[in-house]
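Undergrad: Next up, my_file.cif (mmCIF, C-alpha atoms).
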```
data_input
loop_
_atom_site.group_PDB
_atom_site.id
_atom_site.type_symbol
_atom_site.label_atom_id
_atom_site.label_comp_id
_atom_site.auth_asym_id
_atom_site.auth_seq_id
_atom_site.Cartn_x
_atom_site.Cartn_y
_atom_site.Cartn_z
ATOM 1 C CA ALA K 14 59.518 -4.280 -76.065
ATOM 2 C CA GLN K 15 62.636 -2.915 -74.474
ATOM 3 C CA THR K 16 65.909 -2.356 -76.290
ATOM 4 C CA VAL K 17 69.262 -1.160 -75.026
ATOM 5 C CA THR K 18 71.998 0.111 -77.339
ATOM 6 C CA GLN K 19 75.651 0.672 -76.515
ATOM 7 C CA SER K 20 77.415 2.225 -79.487
ATOM 8 C CA GLN K 21 80.994 1.962 -78.202
ATOM 9 C CA PRO K 22 82.288 -1.620 -78.455
ATOM 10 C CA GLU K 23 85.652 -0.743 -76.926
ATOM 11 C CA MET K 24 87.387 2.190 -75.217
ATOM 12 C CA SER K 25 90.783 2.896 -73.695
ATOM 13 C CA VAL K 26 91.783 5.670 -71.323
ATOM 14 C CA GLN K 27 94.769 6.460 -69.172
ATOM 15 C CA GLU K 28 94.626 5.813 -65.464
ATOM 16 C CA ALA K 29 93.221 8.768 -63.481
ATOM 17 C CA GLU K 30 91.349 10.138 -66.466
ATOM 18 C CA THR K 31 87.588 10.501 -66.679
ATOM 19 C CA VAL K 32 85.683 8.354 -69.152
ATOM 20 C CA THR K 33 82.049 8.353 -70.261
ATOM 21 C CA LEU K 34 80.289 5.291 -71.603
ATOM 22 C CA SER K 35 77.188 5.851 -73.741
ATOM 23 C CA CYS K 36 73.864 4.063 -73.611
ATOM 24 C CA THR K 37 70.491 4.661 -75.208
ATOM 25 C CA TYR K 38 67.357 2.688 -74.554
ATOM 26 C CA ASP K 39 63.820 2.387 -75.689
ATOM 27 C CA THR K 40 60.854 1.323 -73.617
ATOM 28 C CA SER K 41 57.121 1.771 -73.602
ATOM 29 C CA GLU K 42 56.985 1.482 -69.834
ATOM 30 C CA SER K 43 56.279 4.539 -67.742
ATOM 31 C CA ASN K 44 57.953 3.191 -64.636
ATOM 32 C CA TYR K 45 61.306 1.539 -65.239
ATOM 33 C CA TYR K 46 64.826 1.242 -63.944
ATOM 34 C CA LEU K 47 68.218 1.601 -65.558
ATOM 35 C CA PHE K 48 71.424 -0.102 -64.520
ATOM 36 C CA TRP K 49 75.098 -0.269 -65.269
ATOM 37 C CA TYR K 50 76.757 -3.599 -64.585
ATOM 38 C CA LYS K 51 80.474 -4.340 -64.636
ATOM 39 C CA GLN K 52 81.877 -7.684 -65.736
ATOM 40 C CA PRO K 53 85.610 -8.058 -64.961
ATOM 41 C CA PRO K 54 87.679 -10.951 -66.328
ATOM 42 C CA SER K 55 86.334 -13.119 -63.514
ATOM 43 C CA ARG K 56 82.967 -12.893 -65.363
ATOM 44 C CA GLN K 57 81.107 -11.987 -62.199
ATOM 45 C CA MET K 58 78.313 -9.500 -62.924
ATOM 46 C CA ILE K 59 78.551 -6.610 -60.498
ATOM 47 C CA LEU K 60 75.963 -3.870 -60.185
ATOM 48 C CA VAL K 61 77.716 -0.517 -60.462
ATOM 49 C CA ILE K 62 74.824 1.915 -60.290
ATOM 50 C CA ARG K 63 71.071 2.075 -60.761
ATOM 51 C CA GLN K 64 68.618 4.827 -61.594
ATOM 52 C CA GLU K 65 64.874 4.964 -61.082
ATOM 53 C CA ALA K 66 63.286 6.617 -64.091
ATOM 54 C CA TYR K 67 60.893 8.663 -61.977
ATOM 55 C CA LYS K 68 63.792 10.356 -60.181
ATOM 56 C CA GLN K 69 65.200 13.405 -61.889
ATOM 57 C CA GLN K 70 68.363 13.477 -59.822
ATOM 58 C CA ASN K 71 71.252 11.574 -61.363
ATOM 59 C CA ALA K 72 72.486 8.629 -59.319
ATOM 60 C CA THR K 73 76.024 8.708 -57.939
ATOM 61 C CA GLU K 74 78.164 6.014 -56.337
ATOM 62 C CA ASN K 75 81.608 7.250 -55.347
ATOM 63 C CA ARG K 76 83.575 7.664 -58.602
ATOM 64 C CA PHE K 77 80.647 6.497 -60.720
ATOM 65 C CA SER K 78 77.821 8.769 -61.816
ATOM 66 C CA VAL K 79 75.204 8.770 -64.518
ATOM 67 C CA ASN K 80 73.786 11.380 -66.854
ATOM 68 C CA PHE K 81 70.148 10.402 -67.225
ATOM 69 C CA GLN K 82 68.331 12.246 -70.004
ATOM 70 C CA LYS K 83 64.816 10.829 -69.909
ATOM 71 C CA ALA K 84 63.434 12.676 -72.932
ATOM 72 C CA ALA K 85 66.371 11.579 -75.070
ATOM 73 C CA LYS K 86 66.303 8.059 -73.535
ATOM 74 C CA SER K 87 69.966 8.345 -72.790
ATOM 75 C CA PHE K 88 71.782 6.906 -69.775
ATOM 76 C CA SER K 89 75.538 7.426 -69.843
ATOM 77 C CA LEU K 90 78.018 6.321 -67.183
ATOM 78 C CA LYS K 91 80.863 8.562 -66.085
ATOM 79 C CA ILE K 92 83.852 7.089 -64.287
ATOM 80 C CA SER K 93 86.037 9.695 -62.613
ATOM 81 C CA ASP K 94 89.664 9.190 -61.598
ATOM 82 C CA SER K 95 89.694 5.847 -63.403
ATOM 83 C CA GLN K 96 91.687 3.013 -61.851
ATOM 84 C CA LEU K 97 93.302 -0.106 -63.295
ATOM 85 C CA GLY K 98 90.665 -2.181 -61.509
ATOM 86 C CA ASP K 99 87.973 -0.502 -63.577
ATOM 87 C CA THR K 100 89.121 -2.512 -66.592
ATOM 88 C CA ALA K 101 86.104 -4.647 -67.504
ATOM 89 C CA MET K 102 83.092 -5.034 -69.771
ATOM 90 C CA TYR K 103 80.357 -2.597 -68.867
ATOM 91 C CA PHE K 104 76.757 -3.391 -69.631
ATOM 92 C CA CYS K 105 73.900 -0.955 -69.651
ATOM 93 C CA ALA K 106 70.538 -2.494 -68.782
ATOM 94 C CA SER K 107 66.895 -1.560 -68.543
ATOM 95 C CA GLY K 108 64.192 -3.255 -66.522
ATOM 96 C CA GLY K 109 61.021 -2.974 -64.544
ATOM 97 C CA GLY K 110 57.485 -2.255 -65.537
ATOM 98 C CA ARG K 111 55.100 -5.011 -66.448
ATOM 99 C CA ASP K 112 57.756 -7.221 -68.035
ATOM 100 C CA ASP K 113 59.961 -7.199 -64.949
ATOM 101 C CA LYS K 114 62.938 -8.737 -66.724
ATOM 102 C CA ILE K 115 66.194 -6.853 -67.207
ATOM 103 C CA ILE K 116 67.384 -6.344 -70.799
ATOM 104 C CA PHE K 117 71.099 -5.796 -71.467
ATOM 105 C CA GLY K 118 73.041 -3.961 -74.137
ATOM 106 C CA LYS K 119 75.949 -5.633 -75.934
ATOM 107 C CA GLY K 120 78.508 -4.015 -73.695
ATOM 108 C CA THR K 121 81.512 -1.720 -73.896
ATOM 109 C CA ARG K 122 84.950 -3.150 -73.210
ATOM 110 C CA LEU K 123 86.879 -0.581 -71.169
ATOM 111 C CA HIS K 124 90.657 -0.686 -70.832
ATOM 112 C CA ILE K 125 92.350 1.473 -68.225
ATOM 113 C CA LEU K 126 95.962 1.969 -69.240
ATOM 114 C CA PRO K 127 98.784 2.475 -66.709
ATOM 115 C CA ASN F 29 74.640 -15.166 -46.445
ATOM 116 C CA ALA F 30 76.114 -16.874 -49.451
ATOM 117 C CA GLY F 31 75.623 -15.282 -52.828
ATOM 118 C CA VAL F 32 73.951 -16.853 -55.819
ATOM 119 C CA MET F 33 75.603 -20.219 -56.386
ATOM 120 C CA GLN F 34 75.824 -21.785 -59.784
ATOM 121 C CA ASN F 35 77.256 -25.180 -60.533
ATOM 122 C CA PRO F 36 79.074 -26.491 -62.235
ATOM 123 C CA ARG F 37 81.332 -23.583 -63.195
ATOM 124 C CA HIS F 38 82.438 -25.404 -66.301
ATOM 125 C CA LEU F 39 80.570 -28.126 -68.158
ATOM 126 C CA VAL F 40 81.685 -30.023 -71.227
ATOM 127 C CA ARG F 41 79.180 -32.078 -73.175
ATOM 128 C CA ARG F 42 79.320 -33.971 -76.428
ATOM 129 C CA ARG F 43 76.778 -33.167 -79.100
ATOM 130 C CA GLY F 44 73.504 -34.943 -78.361
ATOM 131 C CA GLN F 45 74.027 -35.167 -74.609
ATOM 132 C CA GLU F 46 71.997 -33.362 -71.974
ATOM 133 C CA ALA F 47 73.254 -30.431 -69.927
ATOM 134 C CA ARG F 48 71.871 -29.563 -66.489
ATOM 135 C CA LEU F 49 72.797 -26.223 -64.976
ATOM 136 C CA ARG F 50 71.960 -25.485 -61.352
ATOM 137 C CA CYS F 51 71.320 -22.225 -59.586
ATOM 138 C CA SER F 52 70.797 -21.755 -55.865
ATOM 139 C CA PRO F 53 69.460 -18.258 -55.220
ATOM 140 C CA MET F 54 70.458 -16.143 -52.291
ATOM 141 C CA LYS F 55 68.716 -16.968 -49.040
ATOM 142 C CA GLY F 56 65.293 -15.368 -48.954
ATOM 143 C CA HIS F 57 65.141 -14.825 -52.711
ATOM 144 C CA SER F 58 62.204 -16.405 -54.489
ATOM 145 C CA HIS F 59 62.766 -14.953 -57.971
ATOM 146 C CA VAL F 60 65.251 -16.408 -60.422
ATOM 147 C CA TYR F 61 66.330 -15.253 -63.880
ATOM 148 C CA TRP F 62 68.436 -17.111 -66.436
ATOM 149 C CA TYR F 63 70.560 -15.357 -69.064
ATOM 150 C CA ARG F 64 72.815 -16.614 -71.844
ATOM 151 C CA GLN F 65 75.998 -14.831 -72.878
ATOM 152 C CA LEU F 66 77.658 -15.673 -76.167
ATOM 153 C CA PRO F 67 81.327 -14.656 -76.639
ATOM 154 C CA GLU F 68 81.706 -10.879 -76.950
ATOM 155 C CA GLU F 69 77.960 -10.411 -76.514
ATOM 156 C CA GLY F 70 75.706 -9.038 -73.803
ATOM 157 C CA LEU F 71 73.396 -11.094 -71.668
ATOM 158 C CA LYS F 72 70.262 -12.333 -73.376
ATOM 159 C CA PHE F 73 67.236 -12.984 -71.212
ATOM 160 C CA MET F 74 65.971 -16.535 -71.287
ATOM 161 C CA VAL F 75 63.451 -17.160 -68.510
ATOM 162 C CA TYR F 76 62.089 -15.703 -65.283
ATOM 163 C CA LEU F 77 60.789 -18.023 -62.576
ATOM 164 C CA GLN F 78 59.307 -17.888 -59.152
ATOM 165 C CA LYS F 79 58.977 -20.892 -56.902
ATOM 166 C CA GLU F 80 57.106 -23.558 -58.882
ATOM 167 C CA ASN F 81 56.047 -21.058 -61.565
ATOM 168 C CA ILE F 82 57.415 -19.873 -64.891
ATOM 169 C CA ILE F 83 56.582 -16.182 -65.148
ATOM 170 C CA ASP F 84 58.201 -15.300 -68.470
ATOM 171 C CA GLU F 85 59.935 -17.693 -70.847
ATOM 172 C CA SER F 86 59.889 -15.443 -73.890
ATOM 173 C CA GLY F 87 63.650 -15.779 -74.340
ATOM 174 C CA MET F 88 63.775 -19.548 -74.251
ATOM 175 C CA PRO F 89 64.321 -21.464 -77.485
ATOM 176 C CA LYS F 90 61.177 -23.369 -78.370
ATOM 177 C CA GLU F 91 62.839 -26.756 -78.370
ATOM 178 C CA ARG F 92 65.361 -28.608 -76.198
ATOM 179 C CA PHE F 93 65.448 -25.961 -73.441
ATOM 180 C CA SER F 94 63.459 -26.079 -70.224
ATOM 181 C CA ALA F 95 63.697 -24.534 -66.782
ATOM 182 C CA GLU F 96 62.224 -25.198 -63.393
ATOM 183 C CA PHE F 97 62.377 -23.768 -59.903
ATOM 184 C CA PRO F 98 60.871 -26.317 -57.527
ATOM 185 C CA LYS F 99 59.546 -25.629 -54.081
ATOM 186 C CA GLU F 100 62.652 -27.221 -52.615
ATOM 187 C CA GLY F 101 66.075 -27.165 -54.182
ATOM 188 C CA PRO F 102 67.838 -25.153 -56.832
ATOM 189 C CA SER F 103 66.562 -23.829 -60.119
ATOM 190 C CA ILE F 104 67.553 -26.043 -63.044
ATOM 191 C CA LEU F 105 68.154 -25.036 -66.646
ATOM 192 C CA ARG F 106 68.076 -28.134 -68.789
ATOM 193 C CA ILE F 107 69.305 -28.381 -72.361
ATOM 194 C CA GLN F 108 68.557 -31.615 -74.177
ATOM 195 C CA GLN F 109 70.501 -32.921 -77.185
ATOM 196 C CA VAL F 110 73.042 -30.120 -77.034
ATOM 197 C CA VAL F 111 74.540 -28.687 -80.216
ATOM 198 C CA ARG F 112 77.690 -26.640 -80.757
ATOM 199 C CA GLY F 113 75.645 -23.438 -80.873
ATOM 200 C CA ASP F 114 74.604 -23.975 -77.249
ATOM 201 C CA SER F 115 78.180 -23.268 -76.150
ATOM 202 C CA ALA F 116 77.964 -20.134 -74.035
ATOM 203 C CA ALA F 117 78.093 -18.809 -70.511
ATOM 204 C CA TYR F 118 74.793 -19.176 -68.674
ATOM 205 C CA PHE F 119 74.133 -16.777 -65.818
ATOM 206 C CA CYS F 120 71.552 -16.999 -63.109
ATOM 207 C CA ALA F 121 70.354 -14.040 -61.063
ATOM 208 C CA SER F 122 68.034 -13.867 -58.077
ATOM 209 C CA SER F 123 66.076 -11.148 -56.362
ATOM 210 C CA PRO F 124 63.845 -11.010 -53.308
ATOM 211 C CA GLY F 125 60.969 -9.348 -55.103
ATOM 212 C CA ARG F 126 59.326 -8.929 -58.419
ATOM 213 C CA GLY F 127 60.728 -6.587 -61.016
ATOM 214 C CA ALA F 128 63.784 -4.438 -61.272
ATOM 215 C CA ASN F 129 62.773 -2.344 -58.293
ATOM 216 C CA THR F 130 64.837 -4.797 -56.328
ATOM 217 C CA GLU F 131 68.417 -5.520 -57.173
ATOM 218 C CA ALA F 132 69.220 -8.704 -59.053
ATOM 219 C CA PHE F 133 72.290 -10.540 -57.775
ATOM 220 C CA PHE F 134 74.187 -12.659 -60.267
ATOM 221 C CA GLY F 135 75.982 -15.950 -59.894
ATOM 222 C CA GLN F 136 79.391 -16.522 -61.453
ATOM 223 C CA GLY F 137 77.933 -18.365 -64.396
ATOM 224 C CA THR F 138 78.322 -21.798 -65.938
ATOM 225 C CA ARG F 139 80.439 -22.026 -69.053
ATOM 226 C CA LEU F 140 79.040 -24.753 -71.279
ATOM 227 C CA THR F 141 81.234 -26.148 -74.009
ATOM 228 C CA VAL F 142 79.774 -28.547 -76.536
ATOM 229 C CA VAL F 143 82.338 -30.665 -78.361
#
```
Can you present the structure in this file as structure tokens?
TA:
Amino acid sequence: AQTVTQSQPEMSVQEAETVTLSCTYDTSESNYYLFWYKQPPSRQMILVIRQEAYKQQNATENRFSVNFQKAAKSFSLKISDSQLGDTAMYFCASGGGRDDKIIFGKGTRLHILP
Amino acid sequence: NAGVMQNPRHLVRRRGQEARLRCSPMKGHSHVYWYRQLPEEGLKFMVYLQKENIIDESGMPKERFSAEFPKEGPSILRIQQVVRGDSAAYFCASSPGRGANTEAFFGQGTRLTVV
């Protein structure tokens, strides 16, 4: 079974600062994928970034990057130069392998302060 | 190419009534997932369907809940005899292929309120 744990229920940072959101996971699959989704107040689920577990290189999407530590089963999200529009719930998720479904953590509510 | 469409956006039902939630996947997508989100919680997997087949329903409550994805038309999540605890946001996602090696696109959700 897969599990995803986000230990930070809520965080606040000043605009333009860098913030790191933590995520740990557990899976018995050898081939799996990790995701960070953003859910703004509109409730739309938006894929921020994804990482294939077999790739050692950390994924990057503009201001968003991950620190993937496979041995430690850690998958943190770093947001650089944070903007007011980054205010949202952020969900870490794991999927792939035989099960195919995506399992979500409980989320971290991020506030970007002006 | 329209995104994943869910309707209705908001649904109010009295206890004991039936709720039907619809999800039209993106064009070309044959895989549909349903998730439930309780207030201040993450998304909990409910069921994974392909056209005319239920692949994984391990997250579905044993009673009152059912899902289908017919050959033609949207996927339907049906909740019979709703209770207050069914109040939640229900999200549908679709993907063109099997597994998380393809991106899952989410709809905007249906917020069900049971009064």
Undergrad: Taking only C-alpha atoms into account, find every residue of chain K that has an atom no more than 7 Å from chain F, and write it out as a list in words.
TA: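 The selection requested is Tyr46, Arg56, Gln57, Met58, Gly108, Gly109, Asp113, Lys114, Ile115, Ile116, Phe117, Gly118, Lys119 and Gly120 of chain K.
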Undergrad: Pull C-alpha atoms from the residues just selected and write them as a tab-separated table (two decimals), in the frame of the given file.
TA:
```tsv
chain	number	residue	atom	x	y	z
K	46	TYR	CA	64.83	1.24	-63.94
K	56	ARG	CA	82.97	-12.89	-65.36
K	57	GLN	CA	81.11	-11.99	-62.20
K	58	MET	CA	78.31	-9.50	-62.92
K	108	GLY	CA	64.19	-3.26	-66.52
K	109	GLY	CA	61.02	-2.97	-64.54
K	113	ASP	CA	59.96	-7.20	-64.95
K	114	LYS	CA	62.94	-8.74	-66.72
K	115	ILE	CA	66.19	-6.85	-67.21
K	116	ILE	CA	67.38	-6.34	-70.80
K	117	PHE	CA	71.10	-5.80	-71.47
K	118	GLY	CA	73.04	-3.96	-74.14
K	119	LYS	CA	75.95	-5.63	-75.93
K	120	GLY	CA	78.51	-4.01	-73.69
```
Undergrad: Would you be able to write out as JSON, numbers by chain which residues have an atom within 8 Å of (75.0, -4.4, -65.5) in the file's coordinates, counting all atoms listed in the file?
TA: {"K": [48, 49, 50, 51, 52, 58, 59, 60, 61, 103, 104, 105, 106, 117]}
Undergrad: Might you pull out every residue within 9 Å of Phe93 in chain F, with all atoms listed in the file counted and same-chain residues fewer than 5 positions away left off, and present them as JSON, numbers by chain?
TA: {"F": [88, 105, 106, 107, 108]}
Undergrad: Applied to this file, what does the PyMOL selection byres ((chain K and resi 127) around 8) return in terms of residues, put as a ChimeraX atom specification?
TA: /K:27-28,97,125-126
Undergrad: Which residues come within 6 Å of Ser87 in chain K, counting only C-alpha atoms, excluding same-chain residues fewer than 5 positions away, as a PyMOL selection string?
TA: chain K and resi 36-37+81-82
Undergrad: Find the residue from K:Ser107, K:Thr16, K:Asn75, K:Gln96 that sits nearest to Ala29 in chain K; use all atoms listed in the file when measuring.
TA: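 Nearest to Ala29 in chain K: K:Gln96.
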Undergrad: Hey, what's within 10 Å of Val40 in chain F if we count all atoms listed in the file and toss same-chain stuff fewer than 6 positions away? As an MDAnalysis selection string, please?
TA: chainID F and resid 47 115 139:143
Undergrad: Quick one, how far is CA of Arg50 in chain F from CA of Arg64 in chain F?
TA: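 Separating CA of Arg50 in chain F from CA of Arg64 in chain F is a distance of 13.8 Å.
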Undergrad: Using the chain letters and numbering of this document, enumerate as an MDAnalysis selection string the residues selected by the PyMOL selection byres ((chain K and resi 76) around 6).
TA: chainID K and resid 75 77 92:93
Undergrad: Quick one: distance from CA of Val110 in chain F to CA of Lys79 in chain F in Å, one decimal?
TA: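 Straight-line distance from CA of Val110 in chain F to CA of Lys79 in chain F works out to 26.2 Å.
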Undergrad: So for range 91-101 of chain F, what box centre and size do we get, axis-aligned, 8 Å extra on each of the six sides, every listed atom, Å to one decimal, as lines of an AutoDock Vina configuration file?
TA:
```
center_x = 62.8
center_y = -26.2
center_z = -65.5
size_x = 22.5
size_y = 20.8
size_z = 41.8
```
Undergrad: Between F:Pro89, F:Glu96, F:Met54, F:Ile104, which is the closest to Asn35 in chain F once you count all atoms listed in the file?
TA: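 Nearest candidate to Asn35 in chain F out of F:Pro89, F:Glu96, F:Met54, F:Ile104: F:Ile104.
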Undergrad: If you measure from CA of Tyr38 in chain K to CA of Asn80 in chain K, what distance in Å do you get, rounded to one decimal?
TA: 13.3 Å
Undergrad: List as a list in words the residues having at least one atom at most 10 Å from position (61.9, -25.6, -56.3) as given in the file, counting all atoms listed in the file.
TA: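 Residues with an atom at most 10 Å from (61.9, -25.6, -56.3): Ser52, Ser58, Leu77, Gln78, Lys79, Glu80, Asn81, Glu96, Phe97, Pro98, Lys99, Glu100, Gly101, Pro102, Ser103 and Ile104 of chain F.
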Undergrad: Do you know which residues are at most 8 Å from Leu34 in chain K counting all atoms listed in the file, after dropping those on the same chain fewer than 3 positions away, and could you put them as a PyMOL selection string?
TA: chain K and resi 21+89-91+121
